[in-house]
file model01.txt (compact mmCIF, C-alpha atoms)
# COMPACT_ATOMS: atom_id res chain seq x y z
CA MET A 1 -104.95 16.50 54.92
CA ARG A 2 -101.30 17.38 54.82
CA ILE A 3 -99.39 14.12 54.32
CA CYS A 4 -95.68 13.46 54.64
CA ILE A 5 -94.32 10.26 53.06
CA LEU A 6 -90.93 9.14 54.39
CA ASN A 7 -89.38 6.75 51.84
CA GLY A 8 -86.91 4.59 53.75
CA SER A 9 -85.85 2.41 50.83
CA PRO A 10 -82.03 2.33 50.65
CA GLU A 11 -82.16 1.70 46.87
CA ALA A 12 -84.08 3.08 43.94
CA GLY A 13 -86.65 0.72 42.44
CA ASP A 14 -90.26 -0.43 42.32
CA PHE A 15 -91.00 0.76 45.84
CA ASP A 16 -90.19 4.33 44.75
CA ASN A 17 -92.65 3.91 41.86
CA TYR A 18 -95.33 2.64 44.25
CA LEU A 19 -94.85 5.64 46.52
CA ASP A 20 -94.86 8.01 43.52
CA ARG A 21 -98.26 6.60 42.50
CA LEU A 22 -99.47 6.97 46.09
CA HIS A 23 -98.32 10.60 46.14
CA SER A 24 -100.11 11.36 42.83
CA GLN A 25 -103.36 9.72 43.87
CA LEU A 26 -103.33 11.45 47.25
CA GLU A 27 -102.94 14.80 45.50
CA SER A 28 -105.76 13.92 43.07
CA ALA A 29 -107.92 13.14 46.11
CA GLY A 30 -107.35 16.68 47.37
CA HIS A 31 -104.60 16.08 49.93
CA ILE A 32 -101.29 17.94 50.07
CA SER A 33 -98.59 15.29 49.87
CA ASP A 34 -94.80 15.58 50.17
CA THR A 35 -92.40 12.68 49.70
CA TYR A 36 -88.94 12.60 51.27
CA THR A 37 -86.52 10.05 49.82
CA LEU A 38 -84.41 9.55 52.91
CA ARG A 39 -81.42 7.98 51.10
CA ASP A 40 -80.94 11.27 49.24
CA LEU A 41 -80.72 13.24 52.48
CA SER A 42 -77.75 13.70 54.72
CA ILE A 43 -78.96 12.33 58.05
CA ARG A 44 -76.51 11.33 60.76
CA TYR A 45 -77.22 8.64 63.30
CA CYS A 46 -78.46 9.92 66.64
CA THR A 47 -75.52 9.93 69.04
CA GLY A 48 -77.63 10.02 72.21
CA CYS A 49 -76.03 13.29 73.29
CA PHE A 50 -79.34 14.77 74.59
CA SER A 51 -78.40 18.15 73.10
CA CYS A 52 -81.83 18.38 71.41
CA TRP A 53 -83.35 18.17 74.87
CA VAL A 54 -80.95 20.01 77.22
CA LYS A 55 -78.57 22.17 75.15
CA THR A 56 -80.32 23.30 71.94
CA PRO A 57 -83.91 22.50 72.95
CA GLY A 58 -85.99 21.17 70.09
CA GLN A 59 -83.14 20.98 67.58
CA CYS A 60 -80.41 18.47 66.80
CA ILE A 61 -76.99 19.99 67.48
CA PHE A 62 -75.60 18.57 64.23
CA HIS A 63 -77.92 20.56 61.90
CA ASP A 64 -78.20 17.77 59.35
CA GLN A 65 -81.15 17.24 57.00
CA SER A 66 -83.14 15.53 59.75
CA GLU A 67 -84.25 19.11 60.45
CA LEU A 68 -86.11 19.06 57.13
CA ILE A 69 -87.88 15.87 58.22
CA CYS A 70 -88.72 17.21 61.69
CA ARG A 71 -90.22 20.33 60.17
CA ALA A 72 -92.22 18.33 57.59
CA VAL A 73 -93.52 15.86 60.18
CA ILE A 74 -94.64 18.44 62.73
CA HIS A 75 -96.57 20.32 60.02
CA SER A 76 -98.34 17.18 58.79
CA ASP A 77 -101.62 15.53 59.73
CA LEU A 78 -100.36 12.09 58.69
CA VAL A 79 -96.84 10.71 58.30
CA CYS A 80 -96.46 7.55 56.21
CA MET A 81 -93.35 5.63 57.26
CA ALA A 82 -92.51 3.60 54.17
CA SER A 83 -89.83 0.94 54.00
CA PRO A 84 -88.89 -2.45 52.65
CA ILE A 85 -88.78 -5.11 55.32
CA THR A 86 -85.15 -6.18 55.78
CA MET A 87 -84.04 -8.69 58.42
CA GLY A 88 -87.58 -8.58 59.77
CA PHE A 89 -87.85 -4.86 60.42
CA VAL A 90 -87.95 -1.47 58.71
CA SER A 91 -84.69 -0.41 57.08
CA ALA A 92 -81.82 1.05 59.07
CA LEU A 93 -82.37 4.21 57.01
CA LEU A 94 -85.96 4.61 58.21
CA LYS A 95 -85.05 3.61 61.77
CA LYS A 96 -82.24 6.18 61.85
CA SER A 97 -84.66 8.83 60.60
CA THR A 98 -87.27 7.82 63.20
CA ASP A 99 -84.64 8.20 65.94
CA LYS A 100 -83.88 11.71 64.69
CA LEU A 101 -87.48 12.80 65.36
CA ILE A 102 -86.90 13.00 69.11
CA PRO A 103 -86.25 16.77 69.06
CA LEU A 104 -90.01 16.99 68.43
CA LEU A 105 -90.58 15.68 71.97
CA HIS A 106 -89.85 17.32 75.29
CA PRO A 107 -87.59 15.43 77.74
CA TYR A 108 -89.93 16.00 80.65
CA LEU A 109 -91.56 12.77 81.81
CA SER A 110 -95.27 12.21 81.87
CA ILE A 111 -97.51 9.34 82.91
CA VAL A 112 -99.64 8.20 79.98
CA GLN A 113 -101.91 5.14 80.23
CA GLY A 114 -100.09 4.23 83.46
CA GLU A 115 -96.68 4.25 81.73
CA MET A 116 -93.81 6.69 81.68
CA HIS A 117 -93.47 8.65 78.44
CA HIS A 118 -92.06 11.98 77.33
CA ARG A 119 -94.09 15.15 77.21
CA ALA A 120 -95.23 16.89 74.06
CA ARG A 121 -93.20 19.84 72.79
CA TYR A 122 -95.77 20.93 70.21
CA ASP A 123 -99.56 21.31 70.34
CA HIS A 124 -100.21 19.03 67.36
CA TYR A 125 -98.67 15.75 66.19
CA PRO A 126 -99.54 13.82 63.02
CA ARG A 127 -100.99 10.34 62.96
CA TRP A 128 -98.65 7.59 61.77
CA GLY A 129 -99.10 5.00 59.04
CA LEU A 130 -96.79 2.19 57.93
CA ILE A 131 -96.30 1.15 54.30
CA LEU A 132 -94.11 -1.92 54.10
CA ARG A 133 -92.65 -3.84 51.18
CA PRO A 134 -92.46 -7.51 52.19
CA ASN A 135 -89.82 -9.78 50.69
CA ALA A 136 -89.37 -13.53 50.38
CA GLY A 137 -87.88 -13.78 53.87
CA SER A 138 -90.57 -11.80 55.70
CA ASP A 139 -93.87 -13.05 57.10
CA ILE A 140 -96.94 -11.89 59.03
CA GLU A 141 -95.12 -12.28 62.33
CA ASP A 142 -92.53 -9.72 61.17
CA ILE A 143 -95.29 -7.31 60.20
CA ALA A 144 -96.97 -7.76 63.59
CA ILE A 145 -93.67 -7.06 65.39
CA ILE A 146 -93.05 -3.91 63.32
CA GLN A 147 -96.61 -2.78 64.09
CA ARG A 148 -96.07 -3.35 67.82
CA CYS A 149 -92.85 -1.34 67.90
CA TYR A 150 -94.19 1.50 65.77
CA SER A 151 -97.49 1.61 67.71
CA ARG A 152 -95.50 2.18 70.87
CA ALA A 153 -93.33 4.79 69.15
CA ALA A 154 -96.45 6.57 67.88
CA LEU A 155 -97.84 6.60 71.46
CA ASN A 156 -94.62 8.23 72.63
CA PHE A 157 -95.07 10.81 69.87
CA LYS A 158 -98.56 11.70 71.15
CA SER A 159 -100.14 9.86 68.26
CA ASP A 160 -101.30 6.46 67.08
CA LEU A 161 -100.48 4.01 64.33
CA ALA A 162 -103.52 4.58 62.13
CA PHE A 163 -102.82 1.86 59.54
CA THR A 164 -100.33 -0.67 58.21
CA ARG A 165 -100.37 -1.49 54.52
CA LEU A 166 -98.20 -3.57 52.25
CA SER A 167 -96.93 -2.48 48.87
CA THR A 168 -98.34 -5.73 47.47
CA GLN A 169 -101.76 -4.13 47.92
CA PRO A 170 -103.07 -1.73 45.25
CA VAL A 171 -102.26 1.92 45.85
CA GLU A 172 -105.99 2.66 45.52
CA GLU A 173 -106.66 0.67 48.71
CA VAL A 174 -104.09 2.71 50.64
CA VAL A 175 -105.63 5.94 49.35
CA TYR A 176 -109.10 4.70 50.35
CA GLU A 177 -107.86 3.92 53.86
CA ILE A 178 -106.24 7.35 54.19
CA ASN A 179 -109.36 9.08 52.87
CA HIS A 180 -111.41 7.37 55.58
CA LEU A 181 -109.18 8.01 58.57
CA MET B 1 -65.73 -20.36 75.10
CA LYS B 2 -65.20 -17.38 72.83
CA LEU B 3 -67.64 -14.53 73.40
CA THR B 4 -68.00 -11.47 71.19
CA ILE B 5 -69.96 -8.57 72.63
CA TYR B 6 -71.39 -5.95 70.31
CA ASN B 7 -72.15 -2.70 72.12
CA GLY B 8 -74.85 -1.04 70.02
CA SER B 9 -75.12 2.10 72.12
CA PRO B 10 -74.78 5.27 70.02
CA ARG B 11 -72.71 6.59 72.94
CA GLY B 12 -70.17 3.82 72.48
CA GLU B 13 -67.88 3.16 75.41
CA GLN B 14 -69.29 6.26 77.18
CA GLY B 15 -72.82 4.89 77.43
CA ASN B 16 -74.86 3.08 80.05
CA SER B 17 -74.79 -0.16 78.01
CA ALA B 18 -70.98 -0.17 78.15
CA LEU B 19 -71.06 -0.16 81.95
CA LEU B 20 -73.45 -3.11 82.06
CA ILE B 21 -71.29 -4.94 79.50
CA LYS B 22 -68.17 -4.32 81.64
CA TYR B 23 -69.72 -6.10 84.60
CA PHE B 24 -71.18 -8.89 82.47
CA ASN B 25 -67.83 -9.45 80.80
CA THR B 26 -66.03 -9.55 84.16
CA GLY B 27 -68.30 -12.40 85.19
CA PHE B 28 -67.94 -14.27 81.89
CA THR B 29 -64.15 -14.22 81.90
CA THR B 30 -63.80 -15.61 85.43
CA ALA B 31 -64.23 -19.12 83.99
CA GLU B 32 -61.05 -20.71 82.73
CA ASN B 33 -60.56 -20.86 78.96
CA ASN B 34 -63.14 -18.15 78.32
CA SER B 35 -62.15 -15.19 76.20
CA SER B 36 -64.09 -12.19 75.03
CA ARG B 37 -63.87 -9.17 72.84
CA VAL B 38 -66.06 -6.06 72.79
CA TYR B 39 -66.86 -4.07 69.65
CA HIS B 40 -68.42 -0.63 70.00
CA LEU B 41 -70.63 -0.32 66.91
CA ALA B 42 -70.65 3.49 67.16
CA ARG B 43 -66.87 3.43 66.60
CA THR B 44 -66.66 0.62 64.02
CA TYR B 45 -67.14 1.92 60.51
CA ARG B 46 -66.64 -1.22 58.44
CA SER B 47 -68.91 -4.23 58.72
CA GLU B 48 -66.44 -6.89 57.56
CA PRO B 49 -64.57 -7.27 60.89
CA LEU B 50 -67.91 -7.44 62.69
CA VAL B 51 -69.28 -10.18 60.42
CA ASP B 52 -66.00 -12.11 60.64
CA SER B 53 -66.02 -11.91 64.42
CA PHE B 54 -69.65 -13.09 64.48
CA LEU B 55 -68.81 -16.21 62.48
CA GLN B 56 -65.73 -16.97 64.59
CA SER B 57 -67.52 -16.77 67.95
CA ASP B 58 -69.02 -19.51 70.09
CA VAL B 59 -71.47 -17.08 71.64
CA VAL B 60 -72.36 -13.44 70.92
CA LEU B 61 -74.08 -10.79 73.01
CA LEU B 62 -75.73 -7.81 71.32
CA ALA B 63 -76.34 -5.05 73.86
CA PHE B 64 -78.04 -1.72 73.22
CA PRO B 65 -80.46 0.86 74.58
CA LEU B 66 -84.06 1.35 73.47
CA TYR B 67 -84.30 4.11 70.84
CA THR B 68 -87.80 5.22 69.76
CA ASP B 69 -89.21 1.94 70.98
CA ALA B 70 -86.86 -0.32 69.02
CA MET B 71 -83.16 -0.67 68.23
CA PRO B 72 -80.98 2.36 67.43
CA GLY B 73 -80.54 2.92 63.70
CA LEU B 74 -76.90 1.89 63.83
CA VAL B 75 -77.85 -1.43 65.46
CA LYS B 76 -80.32 -2.08 62.65
CA ALA B 77 -77.51 -1.39 60.16
CA PHE B 78 -75.34 -3.95 61.98
CA ILE B 79 -78.19 -6.49 61.90
CA GLU B 80 -78.58 -5.92 58.15
CA SER B 81 -74.84 -6.59 57.69
CA LEU B 82 -75.43 -10.05 59.22
CA GLU B 83 -77.88 -11.07 56.49
CA SER B 84 -75.25 -13.19 54.76
CA CYS B 85 -74.87 -15.17 58.04
CA CYS B 86 -78.51 -16.32 58.06
CA GLY B 87 -78.62 -20.10 58.30
CA HIS B 88 -74.82 -20.39 58.26
CA PRO B 89 -73.82 -23.78 59.74
CA GLY B 90 -72.21 -23.43 63.15
CA ASN B 91 -73.56 -19.94 63.87
CA PRO B 92 -72.88 -18.82 67.44
CA ALA B 93 -75.45 -18.91 70.19
CA ILE B 94 -76.89 -15.43 70.67
CA ALA B 95 -78.00 -13.42 73.69
CA PHE B 96 -79.26 -9.88 73.93
CA LEU B 97 -79.08 -7.19 76.59
CA ILE B 98 -81.54 -4.31 76.14
CA GLN B 99 -82.06 -1.44 78.50
CA SER B 100 -84.01 1.79 78.64
CA GLY B 101 -84.28 5.01 80.56
CA PHE B 102 -87.97 4.35 81.21
CA PRO B 103 -88.13 2.20 84.34
CA GLU B 104 -90.71 -0.36 83.22
CA SER B 105 -89.83 -3.50 81.28
CA THR B 106 -93.06 -3.21 79.29
CA HIS B 107 -91.37 -0.66 77.01
CA LEU B 108 -88.87 -3.33 75.89
CA ARG B 109 -91.18 -6.31 75.24
CA ALA B 110 -92.03 -5.50 71.59
CA LEU B 111 -88.31 -5.23 70.87
CA GLU B 112 -87.73 -8.53 72.70
CA ALA B 113 -90.19 -10.21 70.31
CA TYR B 114 -88.12 -8.92 67.38
CA LEU B 115 -84.91 -10.27 68.90
CA VAL B 116 -86.38 -13.74 69.50
CA LYS B 117 -87.33 -13.82 65.82
CA LEU B 118 -83.92 -12.44 64.81
CA ALA B 119 -82.18 -15.35 66.51
CA LYS B 120 -84.41 -17.76 64.57
CA ARG B 121 -83.85 -15.85 61.31
CA LEU B 122 -80.06 -16.02 61.78
CA GLY B 123 -80.22 -19.69 62.74
CA CYS B 124 -78.51 -18.99 66.08
CA PRO B 125 -79.43 -20.88 69.25
CA TYR B 126 -81.29 -18.28 71.34
CA LEU B 127 -80.01 -17.89 74.89
CA GLY B 128 -82.36 -15.16 76.05
CA THR B 129 -82.77 -11.40 76.35
CA ILE B 130 -81.66 -9.54 79.46
CA ILE B 131 -84.08 -6.66 80.01
CA ARG B 132 -83.61 -3.77 82.42
CA GLY B 133 -85.34 -0.40 82.68
CA GLY B 134 -84.31 2.69 84.60
CA MET B 135 -80.73 2.72 83.30
CA GLU B 136 -80.45 6.32 82.10
CA GLY B 137 -77.66 8.09 83.93
CA ILE B 138 -76.20 5.01 85.60
CA ARG B 139 -72.89 5.74 83.88
CA ASN B 140 -72.70 9.07 85.73
CA GLN B 141 -73.40 7.59 89.15
CA SER B 142 -71.01 6.03 91.59
CA GLU B 143 -70.44 2.35 90.81
CA ASP B 144 -70.36 1.70 94.55
CA LYS B 145 -73.88 3.08 94.91
CA ASN B 146 -75.13 0.73 92.17
CA ARG B 147 -72.95 -2.24 93.08
CA PRO B 148 -75.79 -4.70 93.89
CA LEU B 149 -77.41 -4.02 90.51
CA LEU B 150 -74.15 -4.06 88.56
CA GLU B 151 -73.10 -7.32 90.21
CA SER B 152 -76.34 -8.86 88.93
CA PHE B 153 -74.81 -8.47 85.49
CA THR B 154 -71.57 -10.04 86.70
CA ARG B 155 -73.55 -13.06 87.93
CA LEU B 156 -75.31 -13.29 84.56
CA GLY B 157 -71.94 -13.30 82.82
CA GLU B 158 -70.57 -15.91 85.25
CA HIS B 159 -73.53 -18.19 84.61
CA LEU B 160 -73.08 -17.92 80.86
CA GLY B 161 -69.36 -18.47 81.20
CA ARG B 162 -69.80 -21.66 83.28
CA ASN B 163 -72.89 -23.14 81.68
CA GLY B 164 -73.20 -21.72 78.17
CA GLN B 165 -76.69 -20.50 79.12
CA LEU B 166 -78.27 -17.44 80.68
CA ASP B 167 -80.07 -18.00 83.96
CA PRO B 168 -83.81 -17.33 83.36
CA GLN B 169 -84.36 -16.64 87.05
CA GLN B 170 -81.71 -13.92 87.05
CA ILE B 171 -83.27 -12.42 83.89
CA LYS B 172 -86.71 -12.48 85.52
CA GLU B 173 -85.37 -10.77 88.65
CA LEU B 174 -83.72 -7.95 86.66
CA SER B 175 -86.88 -7.21 84.66
CA ARG B 176 -89.35 -7.56 87.53
CA LEU B 177 -90.80 -4.03 87.27
CA GLU B 178 -93.03 -4.86 84.30
CA ARG B 179 -95.48 -1.96 84.79
CA PHE B 180 -96.05 0.50 87.61
CA PRO B 181 -98.42 -0.95 90.22
CA GLY B 182 -101.79 0.82 90.21
CA TRP B 183 -101.26 2.38 93.63
CA LEU B 184 -98.07 4.09 92.45
CA VAL B 185 -99.55 5.85 89.42
CA PRO B 186 -101.37 8.64 91.34
CA MET B 187 -98.16 9.35 93.25
CA LEU B 188 -96.19 9.54 90.00
CA LYS B 189 -98.78 11.94 88.61
CA ILE B 190 -98.26 14.16 91.67
CA ALA B 191 -94.51 14.00 91.11
CA GLU B 192 -95.17 14.95 87.47
CA LYS B 193 -97.40 17.93 88.33
CA SER B 194 -95.02 19.21 91.00
CA GLY B 195 -92.03 18.94 88.67
CA LEU B 196 -90.18 16.58 91.02
CA ILE B 197 -90.05 13.91 88.34
CA ASN B 198 -88.11 16.24 86.05
CA LEU B 199 -85.49 17.64 88.42
CA GLY B 200 -82.71 15.79 86.58
CA TRP B 201 -83.66 17.34 83.23
CA ASP B 202 -83.90 20.79 84.82
CA GLN B 203 -80.42 20.38 86.26
CA MET B 204 -78.98 19.54 82.84
CA LEU B 205 -80.86 22.41 81.20
CA ARG B 206 -79.51 24.89 83.77
CA GLN B 207 -75.95 23.57 83.44
CA ASN B 208 -76.17 24.25 79.70
CA GLY B 209 -77.74 27.69 80.11
CA ALA B 210 -80.78 26.39 78.23
CA TYR B 211 -83.43 26.39 80.97
CA ALA B 212 -85.17 29.54 79.72
CA ARG B 213 -85.44 27.98 76.23
CA ARG B 214 -86.60 24.56 77.43
CA PHE B 215 -89.99 24.82 75.74
CA ALA B 216 -88.59 26.08 72.41
CA ARG B 217 -90.48 25.08 69.27
CA PRO B 218 -87.98 25.79 66.50
CA TYR B 219 -90.13 24.13 63.82
CA GLN B 220 -93.37 25.86 64.75
CA ASP B 221 -93.35 28.15 61.70

call {"tool": "encode", "arguments": {"input": "model01.txt", "output": "structure tokens"}}
result
Amino acid sequence: MRICILNGSPEAGDFDNYLDRLHSQLESAGHISDTYTLRDLSIRYCTGCFSCWVKTPGQCIFHDQSELICRAVIHSDLVCMASPITMGFVSALLKKSTDKLIPLLHPYLSIVQGEMHHRARYDHYPRWGLILRPNAGSDIEDIAIIQRCYSRAALNFKSDLAFTRLSTQPVEEVVYEINHL
Amino acid sequence: MKLTIYNGSPRGEQGNSALLIKYFNTGFTTAENNSSRVYHLARTYRSEPLVDSFLQSDVVLLAFPLYTDAMPGLVKAFIESLESCCGHPGNPAIAFLIQSGFPESTHLRALEAYLVKLAKRLGCPYLGTIIRGGMEGIRNQSEDKNRPLLESFTRLGEHLGRNGQLDPQQIKELSRLERFPGWLVPMLKIAEKSGLINLGWDQMLRQNGAYARRFARPYQD
């Protein structure tokens, strides 16, 4: 599998080390894995201008490094959205980067499971996985809420949320889960 | 009562959220001794004035559109800046206003669950979350055409301004399209197949000279 790990930690630290170990073990298991440390990339906030849908179809008009992420994601079989939990949700950094994936969708509306969603732009979309680092202020309710939001986002991106794992769990367990998707 | 409204729309004062806030605020300030201030998060680059205003308010309203099934990234950044306010004695009461382009309220319920928890995490009395779908493009339409809907937001603001609470019945009325009724889905699918459902997008694409490239896949290779 081709796997894209999006590291949404705003600071360097143990979470980076955890994701580095995940990357190494995924490669040892025969996958192709690429990690993107989002804090090191120049990614603007989405401004809601719709240019990626109606002016420069499929591409953000600002040509920031979200293009690198869009290209990596659309060429992957699995995207791991990795983030510490802060104020009960994924980091602003990861959320900003998730927002900037919308050029991968088409604006045209489509009825999916009786709901309105956007159409696919590409033939293939990767599955999603969440890797979260809990902190003292987070609990299982926070994790369930993040899962709900990201499950819905994955549905909009023609995909599903295949797993949610915590960085308190051994890397080997995450690799096992990915190997058995 | 001192209200601070945080507009979390990435489009700032040009967005659909700003229009709904304008009507809400008009209602709130009809009551004597009420004052309000609006911050547009997309135009506010330092967090200190925002945190200060939060702590100095009696009630706050955080309003924003749904972005990839949750809050826009810049709203999450604002929420993170409030971490030092968690459990602060005398925190303001908090209300939320979330809206989406998708018509159904179901798209906003997971986000609502986060906001209920956020209020608890901050230690703010939770007043409720106003939810409304189908708001994309309302800023570009005649306010007269949408007056009944917009005045619903004025009434919400009035109720808050008089009573210090949001009216749950008004909230329920605004969010009443939870999911499409079963009988409507086949008709929507026909509208989808015929292209009728996408006429608005086609119009924008043509205006920008981008219609021929509408199916572009720039990251295909």

call {"tool": "atom_distance", "arguments": {"input": "model01.txt", "atom1": "atom CA of Pro10 of chain B", "atom2": "atom CA of Lys22 of chain B"}}
result
16.5 Å

call {"tool": "atom_distance", "arguments": {"input": "model01.txt", "atom1": "atom CA of Gly101 of chain B", "atom2": "atom CA of Phe28 of chain B"}}
result
25.3 Å

call {"tool": "closest_residue", "arguments": {"input": "model01.txt", "among": "B:Asn208, B:Gln203, B:Asn198, B:Asn140", "to": "Gln14 of chain B", "atoms": "only C-alpha atoms"}}
result
B:Asn140

call {"tool": "residues_around", "arguments": {"input": "model01.txt", "residues": "Tyr219 of chain B", "least_positions_apart": "6", "cutoff": "9 Å", "atoms": "only C-alpha atoms", "output": "JSON, numbers by chain"}}
result
{"A": [58, 59, 67, 70, 71, 72, 74, 75, 104]}

call {"tool": "residues_around", "arguments": {"input": "model01.txt", "residues": "Pro84 of chain A", "least_positions_apart": "2", "cutoff": "7 Å", "atoms": "only C-alpha atoms", "output": "tab-separated table (two decimals) with C-alpha atoms, keeping the file's coordinate frame"}}
result
chain	number	residue	atom	x	y	z
A	9	SER	CA	-85.85	2.41	50.83
A	86	THR	CA	-85.15	-6.18	55.78
A	90	VAL	CA	-87.95	-1.47	58.71
A	91	SER	CA	-84.69	-0.41	57.08
A	132	LEU	CA	-94.11	-1.92	54.10
A	133	ARG	CA	-92.65	-3.84	51.18
A	134	PRO	CA	-92.46	-7.51	52.19

call {"tool": "closest_atom_pairs", "arguments": {"input": "model01.txt", "of": "chain A", "to": "chain B", "cutoff": "9 Å", "atoms": "only C-alpha atoms", "output": "CSV"}}
result
residue,atom,partner,partner_atom,distance
A:Tyr45,CA,B:Gly73,CA,6.6
A:Cys46,CA,B:Pro10,CA,6.8
A:Thr47,CA,B:Pro10,CA,4.8
A:Gly48,CA,B:Pro10,CA,6.0
A:Cys49,CA,B:Arg11,CA,7.5
A:Trp53,CA,B:Arg214,CA,7.6
A:Val54,CA,B:Leu205,CA,4.6
A:Lys55,CA,B:Asn208,CA,5.5
A:Thr56,CA,B:Ala210,CA,7.0
A:Pro57,CA,B:Arg214,CA,5.6
A:Gly58,CA,B:Arg217,CA,6.0
A:Gln59,CA,B:Pro218,CA,6.9
A:Glu67,CA,B:Tyr219,CA,8.4
A:Cys70,CA,B:Tyr219,CA,7.4
A:Arg71,CA,B:Tyr219,CA,5.3
A:Ala72,CA,B:Tyr219,CA,8.8
A:Ile74,CA,B:Tyr219,CA,7.3
A:His75,CA,B:Gln220,CA,8.0
A:Thr86,CA,B:Glu80,CA,7.0
A:Met87,CA,B:Glu80,CA,6.1
A:Gly88,CA,B:Leu118,CA,7.3
A:Phe89,CA,B:Tyr114,CA,8.1
A:Val90,CA,B:Lys76,CA,8.6
A:Ser91,CA,B:Lys76,CA,7.3
A:Ala92,CA,B:Lys76,CA,5.0
A:Leu93,CA,B:Gly73,CA,7.1
A:Leu94,CA,B:Gly73,CA,7.9
A:Lys95,CA,B:Gly73,CA,5.0
A:Lys96,CA,B:Gly73,CA,4.1
A:Ser97,CA,B:Gly73,CA,7.8
A:Thr98,CA,B:Thr68,CA,7.1
A:Asp99,CA,B:Thr68,CA,5.8
A:Leu101,CA,B:Thr68,CA,8.8
A:Ile102,CA,B:Thr68,CA,7.9
A:Leu104,CA,B:Arg217,CA,8.1
A:His106,CA,B:Phe215,CA,7.5
A:Pro107,CA,B:Trp201,CA,7.0
A:Tyr108,CA,B:Asn198,CA,5.7
A:Leu109,CA,B:Asn198,CA,6.5
A:Ser110,CA,B:Glu192,CA,6.2
A:Ile111,CA,B:Lys189,CA,6.4
A:Gly114,CA,B:Val185,CA,6.2
A:Glu115,CA,B:Phe180,CA,7.0
A:Met116,CA,B:Phe102,CA,6.3
A:His117,CA,B:Phe102,CA,7.5
A:Arg121,CA,B:Phe215,CA,6.6
A:Tyr122,CA,B:Arg217,CA,6.8
A:Gly137,CA,B:Arg121,CA,8.7
A:Glu141,CA,B:Lys117,CA,8.7
A:Asp142,CA,B:Tyr114,CA,7.7
A:Ile145,CA,B:Tyr114,CA,6.2
A:Ile146,CA,B:Tyr114,CA,8.1
A:Arg148,CA,B:Ala110,CA,5.9
A:Cys149,CA,B:Ala110,CA,5.6
A:Tyr150,CA,B:Asp69,CA,7.2
A:Ser151,CA,B:Asp69,CA,8.9
A:Arg152,CA,B:Asp69,CA,6.3
A:Ala153,CA,B:Asp69,CA,5.3
A:Ala154,CA,B:Thr68,CA,9.0
A:Asn156,CA,B:Thr68,CA,8.0

call {"tool": "atom_distance", "arguments": {"input": "model01.txt", "atom1": "atom CA of Ile69 of chain A", "atom2": "atom CA of Lys100 of chain A"}}
result
8.7 Å

call {"tool": "closest_residue", "arguments": {"input": "model01.txt", "among": "A:Leu181, A:Leu105, A:Gly8, A:Ala162", "to": "Cys52 of chain A", "atoms": "only C-alpha atoms"}}
result
A:Leu105

call {"tool": "closest_residue", "arguments": {"input": "model01.txt", "among": "B:Cys85, B:Met1, B:Val116, B:Leu177", "to": "Ala31 of chain B", "atoms": "only C-alpha atoms"}}
result
B:Met1

call {"tool": "residues_around", "arguments": {"input": "model01.txt", "residues": "segment 3-6 of chain A", "least_positions_apart": "3", "cutoff": "10 Å", "atoms": "only C-alpha atoms", "output": "MDAnalysis selection string"}}
result
chainID A and resid 9 19:20 22:23 26:27 31:38 69 72:83 94 97:98 126:131 178

call {"tool": "closest_residue", "arguments": {"input": "model01.txt", "among": "A:Asp14, A:Asp40, A:Asp123, A:Asp160", "to": "Gln65 of chain A", "atoms": "only C-alpha atoms"}}
result
A:Asp40

call {"tool": "closest_residue", "arguments": {"input": "model01.txt", "among": "B:Arg37, B:Lys145, B:Arg155, B:Arg139", "to": "Leu3 of chain B", "atoms": "all atoms listed in the file"}}
result
B:Arg37

call {"tool": "closest_residue", "arguments": {"input": "model01.txt", "among": "B:Ala63, B:Gly164, B:Asn146, B:Gln170", "to": "Glu13 of chain B", "atoms": "all atoms listed in the file"}}
result
B:Ala63
